[in-house]
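Source file input30.cif; content: mmCIF, C-alpha atoms (C1' of nucleotides).
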```cif
data_coords
#
loop_
_atom_site.label_atom_id
_atom_site.label_comp_id
_atom_site.auth_asym_id
_atom_site.auth_seq_id
_atom_site.Cartn_x
_atom_site.Cartn_y
_atom_site.Cartn_z
CA MET B 11 -23.96 19.29 29.58
CA PHE B 12 -24.98 18.03 26.18
CA SER B 13 -25.88 14.53 25.09
CA ILE B 14 -24.39 13.29 21.85
CA GLY B 15 -27.71 13.96 20.16
CA ASP B 16 -27.71 17.60 21.37
CA LEU B 17 -24.20 17.99 20.03
CA SER B 18 -25.26 16.50 16.73
CA ARG B 19 -28.22 18.85 16.35
CA ARG B 20 -26.16 21.91 17.28
CA THR B 21 -23.23 21.19 15.00
CA GLY B 22 -24.87 19.26 12.17
CA VAL B 23 -22.41 16.40 12.63
CA LYS B 24 -24.18 13.06 12.69
CA VAL B 25 -24.10 11.01 15.87
CA PRO B 26 -22.10 8.07 14.48
CA THR B 27 -19.68 10.56 12.97
CA ILE B 28 -19.07 12.13 16.38
CA ARG B 29 -18.28 8.71 17.81
CA TYR B 30 -16.03 8.08 14.83
CA TYR B 31 -14.15 11.34 15.48
CA GLU B 32 -13.68 10.26 19.06
CA GLN B 33 -12.26 6.95 17.90
CA MET B 34 -9.90 8.79 15.56
CA GLY B 35 -8.78 11.03 18.39
CA LEU B 36 -10.08 14.23 16.77
CA VAL B 37 -12.29 14.93 19.76
CA ALA B 38 -11.41 13.76 23.24
CA ALA B 39 -13.47 11.09 25.00
CA PRO B 40 -15.97 13.07 27.09
CA GLU B 41 -17.32 12.44 30.55
CA ARG B 42 -20.00 9.82 30.92
CA SER B 43 -23.34 9.78 32.74
CA GLU B 44 -24.02 7.18 35.41
CA GLY B 45 -25.54 5.05 32.68
CA ASN B 46 -22.41 5.35 30.50
CA GLN B 47 -23.74 7.91 28.05
CA ARG B 48 -21.51 10.66 26.69
CA ARG B 49 -21.90 14.11 28.27
CA TYR B 50 -20.24 17.04 26.54
CA SER B 51 -19.28 20.49 27.76
CA ARG B 52 -19.50 23.72 25.79
CA GLN B 53 -15.80 23.48 25.02
CA GLU B 54 -16.34 20.19 23.29
CA LEU B 55 -19.27 21.63 21.37
CA GLU B 56 -16.98 24.36 20.09
CA ARG B 57 -14.28 21.96 19.06
CA LEU B 58 -16.77 19.89 17.10
CA ALA B 59 -18.08 23.03 15.40
CA PHE B 60 -14.48 23.85 14.44
CA ILE B 61 -14.08 20.40 12.95
CA ARG B 62 -17.35 20.62 11.10
CA HIS B 63 -16.40 23.96 9.68
CA ALA B 64 -13.01 22.75 8.54
CA ARG B 65 -14.51 19.59 6.98
CA ASP B 66 -17.04 21.78 5.14
CA LEU B 67 -14.08 23.65 3.73
CA GLY B 68 -12.64 20.39 2.48
CA PHE B 69 -9.77 20.01 4.91
CA ALA B 70 -8.63 16.42 5.42
CA VAL B 71 -8.92 14.95 8.88
CA GLU B 72 -5.14 15.01 9.20
CA ASP B 73 -5.05 18.72 8.40
CA ILE B 74 -7.71 19.32 11.01
CA ARG B 75 -5.71 17.41 13.55
CA ALA B 76 -2.75 19.66 12.80
CA LEU B 77 -4.89 22.81 13.06
CA ILE B 78 -6.29 21.65 16.40
CA ASP B 79 -2.80 20.96 17.70
CA LEU B 80 -1.80 24.44 16.60
CA SER B 81 -4.78 26.11 18.21
CA GLY B 82 -3.69 24.52 21.47
CA HIS B 83 -0.40 26.46 21.25
CA PRO B 84 -1.49 30.08 20.72
CA GLU B 85 2.00 31.44 21.36
CA GLN B 86 3.55 29.72 18.34
CA PRO B 87 3.99 31.42 14.96
CA CYS B 88 1.06 30.67 12.71
CA GLY B 89 2.94 29.99 9.49
CA HIS B 90 1.94 26.38 9.61
CA ALA B 91 -1.79 27.05 9.84
CA ASP B 92 -1.41 29.50 7.00
CA LYS B 93 0.39 26.92 4.92
CA ILE B 94 -2.33 24.33 5.44
CA ALA B 95 -4.97 26.83 4.35
CA GLN B 96 -2.95 27.92 1.32
CA GLU B 97 -2.46 24.34 0.22
CA GLN B 98 -6.14 23.65 0.63
CA LEU B 99 -6.91 26.67 -1.50
CA LEU B 100 -4.58 25.45 -4.22
CA SER B 101 -6.10 22.01 -4.23
CA VAL B 102 -9.62 23.43 -4.42
CA ARG B 103 -8.56 25.54 -7.40
CA GLU B 104 -7.09 22.53 -9.13
CA LYS B 105 -10.27 20.58 -8.61
CA ILE B 106 -12.31 23.43 -10.05
CA ALA B 107 -10.11 23.62 -13.14
CA GLN B 108 -10.37 19.88 -13.64
CA LEU B 109 -14.13 19.86 -13.23
CA LYS B 110 -14.50 22.69 -15.70
CA ARG B 111 -12.71 20.66 -18.33
CA LEU B 112 -15.08 17.79 -17.63
CA GLU B 113 -18.03 20.12 -17.80
CA ALA B 114 -17.02 21.35 -21.22
CA GLU B 115 -16.66 17.88 -22.62
CA LEU B 116 -19.82 16.56 -21.00
CA GLU B 117 -21.71 19.50 -22.41
CA ARG B 118 -20.49 18.65 -25.84
CA ILE B 119 -21.31 14.97 -25.41
CA ALA B 120 -24.66 15.35 -23.75
CA THR B 121 -26.10 17.99 -26.01
CA CYS B 122 -25.05 16.58 -29.37
CA CYS B 123 -27.05 13.40 -29.22
CA ASP B 124 -29.82 13.59 -31.79
CA GLY B 125 -29.67 9.93 -32.74
CA ARG B 126 -32.68 7.83 -32.05
CA THR B 127 -31.04 4.52 -31.11
CA VAL B 128 -28.00 3.57 -29.12
CA GLY B 129 -26.36 2.57 -32.39
CA ASP B 130 -25.92 6.20 -33.40
CA CYS B 131 -26.07 7.79 -29.95
CA TYR B 132 -23.40 10.44 -29.64
CA VAL B 133 -22.93 9.76 -25.93
CA ILE B 134 -22.00 6.15 -26.55
CA ARG B 135 -19.89 6.98 -29.59
CA ALA B 136 -18.02 9.73 -27.80
CA LEU B 137 -17.21 7.42 -24.95
CA SER B 138 -16.16 4.64 -27.31
CA ASP B 139 -13.94 6.80 -29.43
CA HIS B 140 -11.62 9.07 -27.60
CA ALA B 141 -10.70 10.70 -30.90
CA LEU B 142 -14.08 12.43 -30.84
CA CYS B 143 -12.90 14.38 -27.82
CA ALA B 144 -12.11 17.99 -28.52
CA ASP B 145 -9.20 17.95 -26.11
CA GLU B 146 -7.61 15.76 -23.51
CA HIS B 147 -9.23 15.64 -20.15
CA VAL B 148 -6.97 14.64 -17.24
CA MET Y 18 -3.09 -10.55 -27.99
CA PHE Y 19 -2.12 -8.18 -25.21
CA SER Y 20 -0.81 -8.94 -21.77
CA ILE Y 21 -2.34 -7.07 -18.87
CA GLY Y 22 0.72 -4.81 -18.83
CA ASP Y 23 0.26 -3.95 -22.53
CA LEU Y 24 -3.36 -3.11 -21.85
CA SER Y 25 -2.33 -0.96 -18.93
CA ARG Y 26 0.21 0.99 -20.98
CA ARG Y 27 -2.21 1.50 -23.88
CA THR Y 28 -5.16 2.64 -21.79
CA GLY Y 29 -3.48 4.26 -18.83
CA VAL Y 30 -5.43 2.04 -16.44
CA LYS Y 31 -3.18 0.51 -13.80
CA VAL Y 32 -2.70 -3.25 -13.75
CA PRO Y 33 -4.34 -3.87 -10.35
CA THR Y 34 -7.24 -1.66 -11.44
CA ILE Y 35 -7.80 -3.81 -14.52
CA ARG Y 36 -7.97 -6.88 -12.32
CA TYR Y 37 -10.31 -5.01 -10.01
CA TYR Y 38 -12.60 -4.16 -12.93
CA GLU Y 39 -12.64 -7.81 -13.89
CA GLN Y 40 -13.62 -8.75 -10.36
CA MET Y 41 -16.40 -6.15 -10.44
CA GLY Y 42 -17.65 -7.56 -13.73
CA LEU Y 43 -16.96 -4.36 -15.64
CA VAL Y 44 -14.67 -6.17 -18.05
CA ALA Y 45 -15.10 -9.86 -18.87
CA ALA Y 46 -12.53 -12.41 -17.71
CA PRO Y 47 -10.22 -12.79 -20.70
CA GLU Y 48 -8.50 -15.84 -22.15
CA ARG Y 49 -5.43 -17.12 -20.37
CA SER Y 50 -2.00 -18.17 -21.61
CA GLU Y 51 -0.68 -21.67 -20.93
CA GLY Y 52 0.92 -20.25 -17.80
CA ASN Y 53 -2.40 -18.75 -16.62
CA GLN Y 54 -1.67 -15.14 -17.56
CA ARG Y 55 -4.41 -12.90 -18.97
CA ARG Y 56 -4.43 -12.39 -22.74
CA TYR Y 57 -6.61 -9.66 -24.16
CA SER Y 58 -8.01 -9.04 -27.65
CA ARG Y 59 -8.42 -5.67 -29.34
CA GLN Y 60 -12.09 -5.68 -28.41
CA GLU Y 61 -11.20 -5.84 -24.73
CA LEU Y 62 -8.66 -3.08 -25.19
CA GLU Y 63 -11.42 -0.92 -26.60
CA ARG Y 64 -13.81 -1.66 -23.82
CA LEU Y 65 -11.20 -0.74 -21.26
CA ALA Y 66 -10.49 2.49 -23.12
CA PHE Y 67 -14.22 3.22 -22.98
CA ILE Y 68 -14.23 2.63 -19.24
CA ARG Y 69 -11.17 4.78 -18.74
CA HIS Y 70 -12.71 7.56 -20.72
CA ALA Y 71 -15.96 7.42 -18.78
CA ARG Y 72 -14.12 7.33 -15.45
CA ASP Y 73 -12.08 10.35 -16.53
CA LEU Y 74 -15.39 12.09 -17.08
CA GLY Y 75 -16.38 11.24 -13.54
CA PHE Y 76 -18.99 8.60 -14.27
CA ALA Y 77 -19.53 6.14 -11.42
CA VAL Y 78 -18.77 2.50 -12.06
CA GLU Y 79 -22.50 1.73 -11.93
CA ASP Y 80 -23.18 4.32 -14.61
CA ILE Y 81 -20.48 2.81 -16.74
CA ARG Y 82 -21.97 -0.61 -16.30
CA ALA Y 83 -25.29 0.77 -17.56
CA LEU Y 84 -23.61 2.49 -20.52
CA ILE Y 85 -21.83 -0.74 -21.45
CA ASP Y 86 -25.07 -2.68 -21.26
CA LEU Y 87 -26.66 -0.09 -23.52
CA SER Y 88 -23.85 -0.16 -26.04
CA GLY Y 89 -24.46 -3.89 -26.35
CA HIS Y 90 -28.00 -3.17 -27.58
CA PRO Y 91 -27.49 -0.70 -30.44
CA GLU Y 92 -31.09 -1.01 -31.63
CA GLN Y 93 -32.58 0.46 -28.45
CA PRO Y 94 -33.51 4.11 -28.05
CA CYS Y 95 -30.67 6.04 -26.50
CA GLY Y 96 -32.69 8.12 -24.05
CA HIS Y 97 -31.15 6.30 -21.14
CA ALA Y 98 -27.55 6.97 -22.18
CA ASP Y 99 -28.49 10.58 -22.69
CA LYS Y 100 -30.04 10.75 -19.25
CA ILE Y 101 -26.94 9.34 -17.59
CA ALA Y 102 -24.78 11.92 -19.34
CA GLN Y 103 -27.16 14.77 -18.47
CA GLU Y 104 -27.19 13.76 -14.83
CA GLN Y 105 -23.42 13.57 -14.78
CA LEU Y 106 -23.26 17.05 -16.27
CA LEU Y 107 -25.59 18.36 -13.57
CA SER Y 108 -23.58 16.78 -10.81
CA VAL Y 109 -20.33 18.18 -12.20
CA ARG Y 110 -21.90 21.63 -12.29
CA GLU Y 111 -23.06 21.29 -8.71
CA LYS Y 112 -19.60 20.27 -7.61
CA ILE Y 113 -18.10 23.26 -9.40
CA ALA Y 114 -20.55 25.63 -7.71
CA GLN Y 115 -19.80 24.13 -4.31
CA LEU Y 116 -16.06 24.32 -4.82
CA LYS Y 117 -16.29 27.93 -5.90
CA ARG Y 118 -17.99 28.82 -2.64
CA LEU Y 119 -15.21 27.05 -0.79
CA GLU Y 120 -12.62 28.83 -2.88
CA ALA Y 121 -14.07 32.21 -2.00
CA GLU Y 122 -14.06 31.51 1.70
CA LEU Y 123 -10.63 29.92 1.72
CA GLU Y 124 -9.29 32.89 -0.16
CA ARG Y 125 -10.66 35.17 2.49
CA ILE Y 126 -9.32 32.99 5.28
CA ALA Y 127 -5.91 32.28 3.83
CA THR Y 128 -5.03 35.77 2.68
CA CYS Y 129 -6.17 37.72 5.72
CA CYS Y 130 -3.75 36.24 8.20
CA ASP Y 131 -1.28 38.91 9.22
CA GLY Y 132 -1.02 37.79 12.82
CA ARG Y 133 2.31 36.56 13.99
CA THR Y 134 1.21 33.83 16.41
CA VAL Y 135 -1.49 31.20 16.39
CA GLY Y 136 -3.27 33.21 19.07
CA ASP Y 137 -4.27 35.86 16.58
CA CYS Y 138 -4.03 33.83 13.39
CA TYR Y 139 -6.99 34.53 11.18
CA VAL Y 140 -7.04 31.00 9.82
CA ILE Y 141 -7.54 29.53 13.26
CA ARG Y 142 -9.97 32.21 14.34
CA ALA Y 143 -12.06 31.85 11.19
CA LEU Y 144 -12.29 28.12 11.71
CA SER Y 145 -13.15 28.52 15.36
CA ASP Y 146 -15.81 31.11 14.82
CA HIS Y 147 -18.23 30.40 12.07
CA ALA Y 148 -19.64 33.90 12.50
CA LEU Y 149 -16.54 35.24 10.78
CA CYS Y 150 -17.71 33.52 7.61
CA ALA Y 151 -19.04 35.88 5.01
CA ASP Y 152 -21.69 33.40 3.96
CA GLU Y 153 -22.76 29.85 4.56
CA HIS Y 154 -20.84 27.19 2.75
CA VAL Y 155 -22.63 23.88 2.20
"C1'" DG N 9 20.84 -20.55 -19.50
"C1'" DT N 10 20.06 -17.07 -16.53
"C1'" DA N 11 18.49 -12.80 -14.82
"C1'" DA N 12 15.18 -9.24 -14.86
"C1'" DT N 13 10.73 -8.22 -15.49
"C1'" DT N 14 6.09 -9.17 -15.46
"C1'" DC N 15 2.50 -11.84 -13.96
"C1'" DC N 16 -0.43 -14.62 -10.60
"C1'" DT N 17 -3.61 -14.90 -6.20
"C1'" DC N 18 -4.72 -13.43 -1.88
"C1'" DT N 19 -5.35 -10.48 2.00
"C1'" DA N 20 -5.61 -6.14 3.97
"C1'" DG N 21 -5.47 -1.07 3.90
"C1'" DT N 22 -7.08 3.64 2.29
"C1'" DC N 23 -10.62 7.74 3.52
"C1'" DA N 24 -14.38 9.39 5.90
"C1'" DC N 25 -17.85 7.83 7.10
"C1'" DT N 26 -22.56 4.79 7.22
"C1'" DA N 27 -25.61 0.86 8.46
"C1'" DG N 28 -27.31 -2.57 11.29
"C1'" DA N 29 -27.78 -5.89 15.26
"C1'" DG N 30 -28.74 -6.42 19.83
"C1'" DC N 31 -28.80 -4.37 23.99
"C1'" DT N 32 -29.32 -0.43 27.83
"C1'" DT N 33 -30.56 4.15 29.55
"C1'" DC N 34 -33.18 8.23 29.72
"C1'" DA N 35 -37.18 11.49 29.73
"C1'" DA N 36 -41.97 12.48 29.56
"C1'" DG N 37 -46.68 11.39 30.20
"C1'" DA N 38 -50.50 8.60 32.70
"C1'" DT O 27 -44.38 5.00 40.20
"C1'" DC O 28 -44.83 2.78 35.96
"C1'" DT O 29 -44.50 2.49 31.16
"C1'" DT O 30 -43.26 3.45 26.70
"C1'" DG O 31 -40.64 5.17 23.04
"C1'" DA O 32 -36.74 7.73 21.78
"C1'" DA O 33 -32.08 7.98 22.18
"C1'" DG O 34 -27.97 5.97 23.70
"C1'" DC O 35 -24.35 2.10 23.94
"C1'" DT O 36 -20.75 -1.32 21.60
"C1'" DC O 37 -19.43 -4.00 17.98
"C1'" DT O 38 -18.87 -5.60 13.34
"C1'" DA O 39 -19.13 -4.95 8.62
"C1'" DG O 40 -20.03 -2.27 4.34
"C1'" DT O 41 -19.31 1.78 1.05
"C1'" DG O 42 -16.51 3.28 -3.57
"C1'" DA O 43 -12.79 2.85 -6.22
"C1'" DC O 44 -9.05 1.58 -5.85
"C1'" DT O 45 -3.90 0.62 -3.75
"C1'" DA O 46 -0.17 -2.00 -1.40
"C1'" DG O 47 2.27 -5.93 -0.21
"C1'" DA O 48 3.52 -10.89 0.34
"C1'" DG O 49 5.03 -14.86 -1.76
"C1'" DG O 50 5.40 -17.30 -5.65
"C1'" DA O 51 5.19 -18.57 -11.05
"C1'" DA O 52 5.70 -17.31 -15.95
"C1'" DT O 53 7.72 -14.79 -19.56
"C1'" DT O 54 11.18 -12.26 -22.13
"C1'" DA O 55 15.67 -10.42 -23.38
"C1'" DC O 56 20.24 -11.15 -23.75
#
```
Would you mind writing the structure in this file as C-alpha cells?
Amino acid sequence: MFSIGDLSRRTGVKVPTIRYYEQMGLVAAPERSEGNQRRYSRQELERLAFIRHARDLGFAVEDIRALIDLSGHPEQPCGHADKIAQEQLLSVREKIAQLKRLEAELERIATCCDGRTVGDCYVIRALSDHALCADEHV
Amino acid sequence: MFSIGDLSRRTGVKVPTIRYYEQMGLVAAPERSEGNQRRYSRQELERLAFIRHARDLGFAVEDIRALIDLSGHPEQPCGHADKIAQEQLLSVREKIAQLKRLEAELERIATCCDGRTVGDCYVIRALSDHALCADEHV
DNA sequence: GTAATTCCTCTAGTCACTAGAGCTTCAAGA
DNA sequence: TCTTGAAGCTCTAGTGACTAGAGGAATTAC
C-alpha cells in the first residue's frame, strides 16, 4: 500500500496533480486509511506511471482517457490506439516545423542588433515592422 | 479611424482578443464613438501589429509589455530588448529539442504496432511499460 | 426605413495544473 | 506514551492567453 506521497515519488507526478487526476476520473478513487488518507495498490501505481508516460509524450488528457479505456479491453482491435498515436506524432511534427520557422526568424532578429540605443535596436524595429521579416511565420 | 473589426481584419488579431489586450493594459483604451464603440488610430493599429508579431514569435505577454515599454524610450540602451529576444531564442531551441525527442519515441511507438488486438498493441504496451522506451524523454 | 451586421458589457469556460488556507493524521524519536 | 514535524485532507481560487455565449445597442448598406 502506497500513500499519495509514495506514489508521487515513484511516478514523478506531483501530489496535487494526482488528486486532480482523481477528480478528472483519470485514476479511480483509491481505498482510504482509517484516518481518511489515500492508500494505493501496485495496480494504481502502474496506471499513474502510464499516465505520466503518456503526458510526457504530449498526449492530451482526453487521449489518455481513451487509451486507458482501450487497455481495459485487450480483445478489441487496436486501430484506435494506433490512430491516437499517429495523430500525436503528426501534431508533434507540426509543432517542430512551426518552431523551426520561429527559430530562424528569432536568430535573424536577435543576432543583427548592433545598435546602441532602443531607437535603432534591430529587435524593436523588426517587431515594429513586419516587412523586415524574411518570410511569413504562422 | 478604425473600428475594432477593421483592426482585427488588418492585424489578424481576433476582436475579443483585442478587448482582452486592452483589459490587460497591453494596448491603451482607445477613443469611443458617440455610440460608445472603440475607434482606433493608425498608431494603435501599429502597436497591435507589433503585439501580433511578437506573439507569433512566441513572446509571452509580459515580454511584450517590456518590449513596448522599451520602444517608448528610444534613447535607452537596447541591451534589455536584446536579452529578451535571446532568451526567447533559447527557449524555442529547447522546445525544439524536447519535441524531437518526443518525435523519435512516438515514431518508434506508432510504427511498430503490428498486433491485431489491444492486448498485444505496441502503443499500449509501450505506454504501460516505460522500460520499452529507448531513452528517457523529459 | 429596415434589416443585417457589427459592436457593447459581462460572466463563465478552456487546459492542465498550481498555490494557499486551515485543519487532521501519521510516523519516528525521546 | 508523548510529542513534534512531516505529510495528508478539503476547499477555493489563480495561472496564461484567450474563447464562447447571453442579451442588448449601434452602425451600415440597400
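Counting all atoms listed in the file and comparing N:DC34, N:DC16, N:DC25, N:DA11, the residue that lies closest to O:DA51 is N:DC16.
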Exercise. In Å to one decimal, how far is atom CA of Y:Arg36 from atom C1' of O:DA43?
Worked result: 12.5 Å
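Evaluated on this file, the PyMOL selection byres ((chain O) within 9 of (chain B)) matches DA33, DG34 and DC35 of chain O.
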Up to 10 Å from chain B, what residues of chain N turn up? Count all atoms listed in the file and give them as a PDB file with C-alpha atoms (C1' of nucleotides), in the frame of the given file.
```pdb
ATOM      1  C1'  DC N  23     -10.620   7.740   3.520  1.00  0.00           C
ATOM      2  C1'  DA N  24     -14.380   9.390   5.900  1.00  0.00           C
ATOM      3  C1'  DC N  25     -17.850   7.830   7.100  1.00  0.00           C
ATOM      4  C1'  DT N  26     -22.560   4.790   7.220  1.00  0.00           C
ATOM      5  C1'  DT N  32     -29.320  -0.430  27.830  1.00  0.00           C
ATOM      6  C1'  DT N  33     -30.560   4.150  29.550  1.00  0.00           C
ATOM      7  C1'  DC N  34     -33.180   8.230  29.720  1.00  0.00           C
TER       8       DC N  34
END
```
Mind fitting chain Y to chain B by least squares on all Cα atoms in order and giving back the moved coordinates as a tab-separated table (two decimals) with C-alpha atoms, in the frame of the given file?
```tsv
chain	number	residue	atom	x	y	z
Y	18	MET	CA	-23.87	19.29	29.59
Y	19	PHE	CA	-24.94	18.05	26.18
Y	20	SER	CA	-25.85	14.57	25.08
Y	21	ILE	CA	-24.37	13.32	21.84
Y	22	GLY	CA	-27.71	14.03	20.16
Y	23	ASP	CA	-27.68	17.66	21.38
Y	24	LEU	CA	-24.17	18.04	20.02
Y	25	SER	CA	-25.26	16.56	16.73
Y	26	ARG	CA	-28.21	18.94	16.39
Y	27	ARG	CA	-26.13	21.99	17.32
Y	28	THR	CA	-23.22	21.25	15.01
Y	29	GLY	CA	-24.87	19.36	12.20
Y	30	VAL	CA	-22.44	16.48	12.63
Y	31	LYS	CA	-24.23	13.14	12.68
Y	32	VAL	CA	-24.16	11.06	15.86
Y	33	PRO	CA	-22.18	8.12	14.43
Y	34	THR	CA	-19.72	10.60	12.93
Y	35	ILE	CA	-19.11	12.15	16.34
Y	36	ARG	CA	-18.32	8.73	17.73
Y	37	TYR	CA	-16.10	8.10	14.74
Y	38	TYR	CA	-14.19	11.32	15.41
Y	39	GLU	CA	-13.71	10.23	18.99
Y	40	GLN	CA	-12.32	6.92	17.81
Y	41	MET	CA	-9.96	8.74	15.45
Y	42	GLY	CA	-8.79	10.95	18.30
Y	43	LEU	CA	-10.08	14.13	16.68
Y	44	VAL	CA	-12.27	14.88	19.67
Y	45	ALA	CA	-11.39	13.71	23.18
Y	46	ALA	CA	-13.46	11.03	24.91
Y	47	PRO	CA	-15.93	13.02	27.01
Y	48	GLU	CA	-17.30	12.40	30.49
Y	49	ARG	CA	-20.01	9.79	30.85
Y	50	SER	CA	-23.34	9.79	32.67
Y	51	GLU	CA	-24.09	7.20	35.35
Y	52	GLY	CA	-25.62	5.08	32.61
Y	53	ASN	CA	-22.46	5.35	30.45
Y	54	GLN	CA	-23.77	7.92	27.98
Y	55	ARG	CA	-21.51	10.67	26.63
Y	56	ARG	CA	-21.86	14.11	28.22
Y	57	TYR	CA	-20.21	17.04	26.51
Y	58	SER	CA	-19.20	20.50	27.75
Y	59	ARG	CA	-19.42	23.74	25.79
Y	60	GLN	CA	-15.72	23.48	25.01
Y	61	GLU	CA	-16.28	20.17	23.24
Y	62	LEU	CA	-19.22	21.63	21.37
Y	63	GLU	CA	-16.92	24.34	20.09
Y	64	ARG	CA	-14.23	21.96	19.03
Y	65	LEU	CA	-16.73	19.91	17.10
Y	66	ALA	CA	-18.04	23.06	15.43
Y	67	PHE	CA	-14.46	23.86	14.45
Y	68	ILE	CA	-14.06	20.41	12.94
Y	69	ARG	CA	-17.35	20.67	11.11
Y	70	HIS	CA	-16.39	24.00	9.71
Y	71	ALA	CA	-13.01	22.77	8.53
Y	72	ARG	CA	-14.54	19.66	6.97
Y	73	ASP	CA	-17.07	21.85	5.17
Y	74	LEU	CA	-14.10	23.69	3.74
Y	75	GLY	CA	-12.72	20.41	2.48
Y	76	PHE	CA	-9.83	20.03	4.89
Y	77	ALA	CA	-8.71	16.43	5.39
Y	78	VAL	CA	-8.99	14.96	8.85
Y	79	GLU	CA	-5.19	14.98	9.14
Y	80	ASP	CA	-5.11	18.68	8.34
Y	81	ILE	CA	-7.72	19.30	10.96
Y	82	ARG	CA	-5.73	17.36	13.49
Y	83	ALA	CA	-2.75	19.62	12.74
Y	84	LEU	CA	-4.89	22.76	13.01
Y	85	ILE	CA	-6.26	21.60	16.36
Y	86	ASP	CA	-2.77	20.90	17.64
Y	87	LEU	CA	-1.76	24.38	16.54
Y	88	SER	CA	-4.72	26.06	18.17
Y	89	GLY	CA	-3.61	24.46	21.43
Y	90	HIS	CA	-0.32	26.38	21.20
Y	91	PRO	CA	-1.40	30.00	20.69
Y	92	GLU	CA	2.10	31.36	21.31
Y	93	GLN	CA	3.61	29.66	18.25
Y	94	PRO	CA	4.04	31.37	14.90
Y	95	CYS	CA	1.08	30.66	12.67
Y	96	GLY	CA	2.97	29.97	9.45
Y	97	HIS	CA	1.95	26.36	9.54
Y	98	ALA	CA	-1.78	27.06	9.82
Y	99	ASP	CA	-1.41	29.51	6.98
Y	100	LYS	CA	0.37	26.93	4.87
Y	101	ILE	CA	-2.36	24.35	5.42
Y	102	ALA	CA	-5.00	26.86	4.35
Y	103	GLN	CA	-2.99	27.95	1.30
Y	104	GLU	CA	-2.52	24.37	0.20
Y	105	GLN	CA	-6.21	23.69	0.63
Y	106	LEU	CA	-6.98	26.73	-1.49
Y	107	LEU	CA	-4.66	25.48	-4.22
Y	108	SER	CA	-6.19	22.04	-4.21
Y	109	VAL	CA	-9.71	23.48	-4.38
Y	110	ARG	CA	-8.66	25.58	-7.36
Y	111	GLU	CA	-7.18	22.56	-9.08
Y	112	LYS	CA	-10.36	20.60	-8.54
Y	113	ILE	CA	-12.41	23.45	-9.98
Y	114	ALA	CA	-10.20	23.62	-13.07
Y	115	GLN	CA	-10.45	19.87	-13.57
Y	116	LEU	CA	-14.21	19.86	-13.16
Y	117	LYS	CA	-14.59	22.68	-15.64
Y	118	ARG	CA	-12.78	20.65	-18.26
Y	119	LEU	CA	-15.12	17.77	-17.55
Y	120	GLU	CA	-18.09	20.08	-17.72
Y	121	ALA	CA	-17.08	21.31	-21.15
Y	122	GLU	CA	-16.69	17.84	-22.54
Y	123	LEU	CA	-19.85	16.50	-20.94
Y	124	GLU	CA	-21.74	19.43	-22.33
Y	125	ARG	CA	-20.51	18.59	-25.77
Y	126	ILE	CA	-21.29	14.91	-25.33
Y	127	ALA	CA	-24.67	15.27	-23.69
Y	128	THR	CA	-26.13	17.93	-25.94
Y	129	CYS	CA	-25.04	16.56	-29.29
Y	130	CYS	CA	-27.02	13.35	-29.19
Y	131	ASP	CA	-29.76	13.53	-31.78
Y	132	GLY	CA	-29.56	9.88	-32.75
Y	133	ARG	CA	-32.58	7.78	-32.08
Y	134	THR	CA	-30.91	4.48	-31.16
Y	135	VAL	CA	-27.87	3.51	-29.15
Y	136	GLY	CA	-26.19	2.56	-32.42
Y	137	ASP	CA	-25.78	6.18	-33.39
Y	138	CYS	CA	-25.98	7.77	-29.96
Y	139	TYR	CA	-23.34	10.42	-29.60
Y	140	VAL	CA	-22.89	9.73	-25.90
Y	141	ILE	CA	-21.91	6.14	-26.55
Y	142	ARG	CA	-19.81	6.98	-29.57
Y	143	ALA	CA	-17.95	9.74	-27.75
Y	144	LEU	CA	-17.15	7.39	-24.91
Y	145	SER	CA	-16.07	4.66	-27.26
Y	146	ASP	CA	-13.86	6.85	-29.36
Y	147	HIS	CA	-11.59	9.14	-27.48
Y	148	ALA	CA	-10.66	10.80	-30.77
Y	149	LEU	CA	-14.05	12.50	-30.73
Y	150	CYS	CA	-12.91	14.44	-27.68
Y	151	ALA	CA	-12.14	18.05	-28.38
Y	152	ASP	CA	-9.25	18.02	-25.94
Y	153	GLU	CA	-7.64	15.82	-23.36
Y	154	HIS	CA	-9.30	15.68	-20.00
Y	155	VAL	CA	-7.10	14.67	-17.06
```
Problem set entry | Residue nearest chain Y among B:Gln33, B:Ser81, B:Ser101, B:Gln108 (counting only C-alpha atoms) |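 Selected residue with least distance to chain Y: B:Ser81.
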For this session: Fewer than 4 positions away in the same chain doesn't count, so skip those; otherwise give me all residues within 10 Å of Y:Leu65, counting all atoms listed in the file, as a PyMOL selection string.
Result: (chain B and resi 138) or (chain Y and resi 24-25+27-30+35+38+43-44+59-61+69-71)
Problem set entry | Of the listed residues Y:Ala102, Y:Met41, Y:Val32, Y:Leu107, that which approaches chain B most closely, counting all atoms listed in the file |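 For chain B, the nearest of the given residues is Y:Ala102.
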May I have the residues within 9 Å of stretch 54-56 of chain O as a JSON list (two decimals) with C-alpha atoms (C1' of nucleotides), in the frame of the given file, using all atoms listed in the file and disregarding those fewer than 4 positions away in the same chain?
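Just written: around_22.json:
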```
[["chain", "number", "residue", "atom", "x", "y", "z"],
["N", 12, "DA", "C1'", 15.18, -9.24, -14.86],
["N", 13, "DT", "C1'", 10.73, -8.22, -15.49],
["N", 14, "DT", "C1'", 6.09, -9.17, -15.46]]
```
For this session: Would you work out the distance separating atom CA of Y:Ala83 from atom CA of B:Ala114, expressed in Å to one decimal?
Result: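 The value is 22.5 Å.
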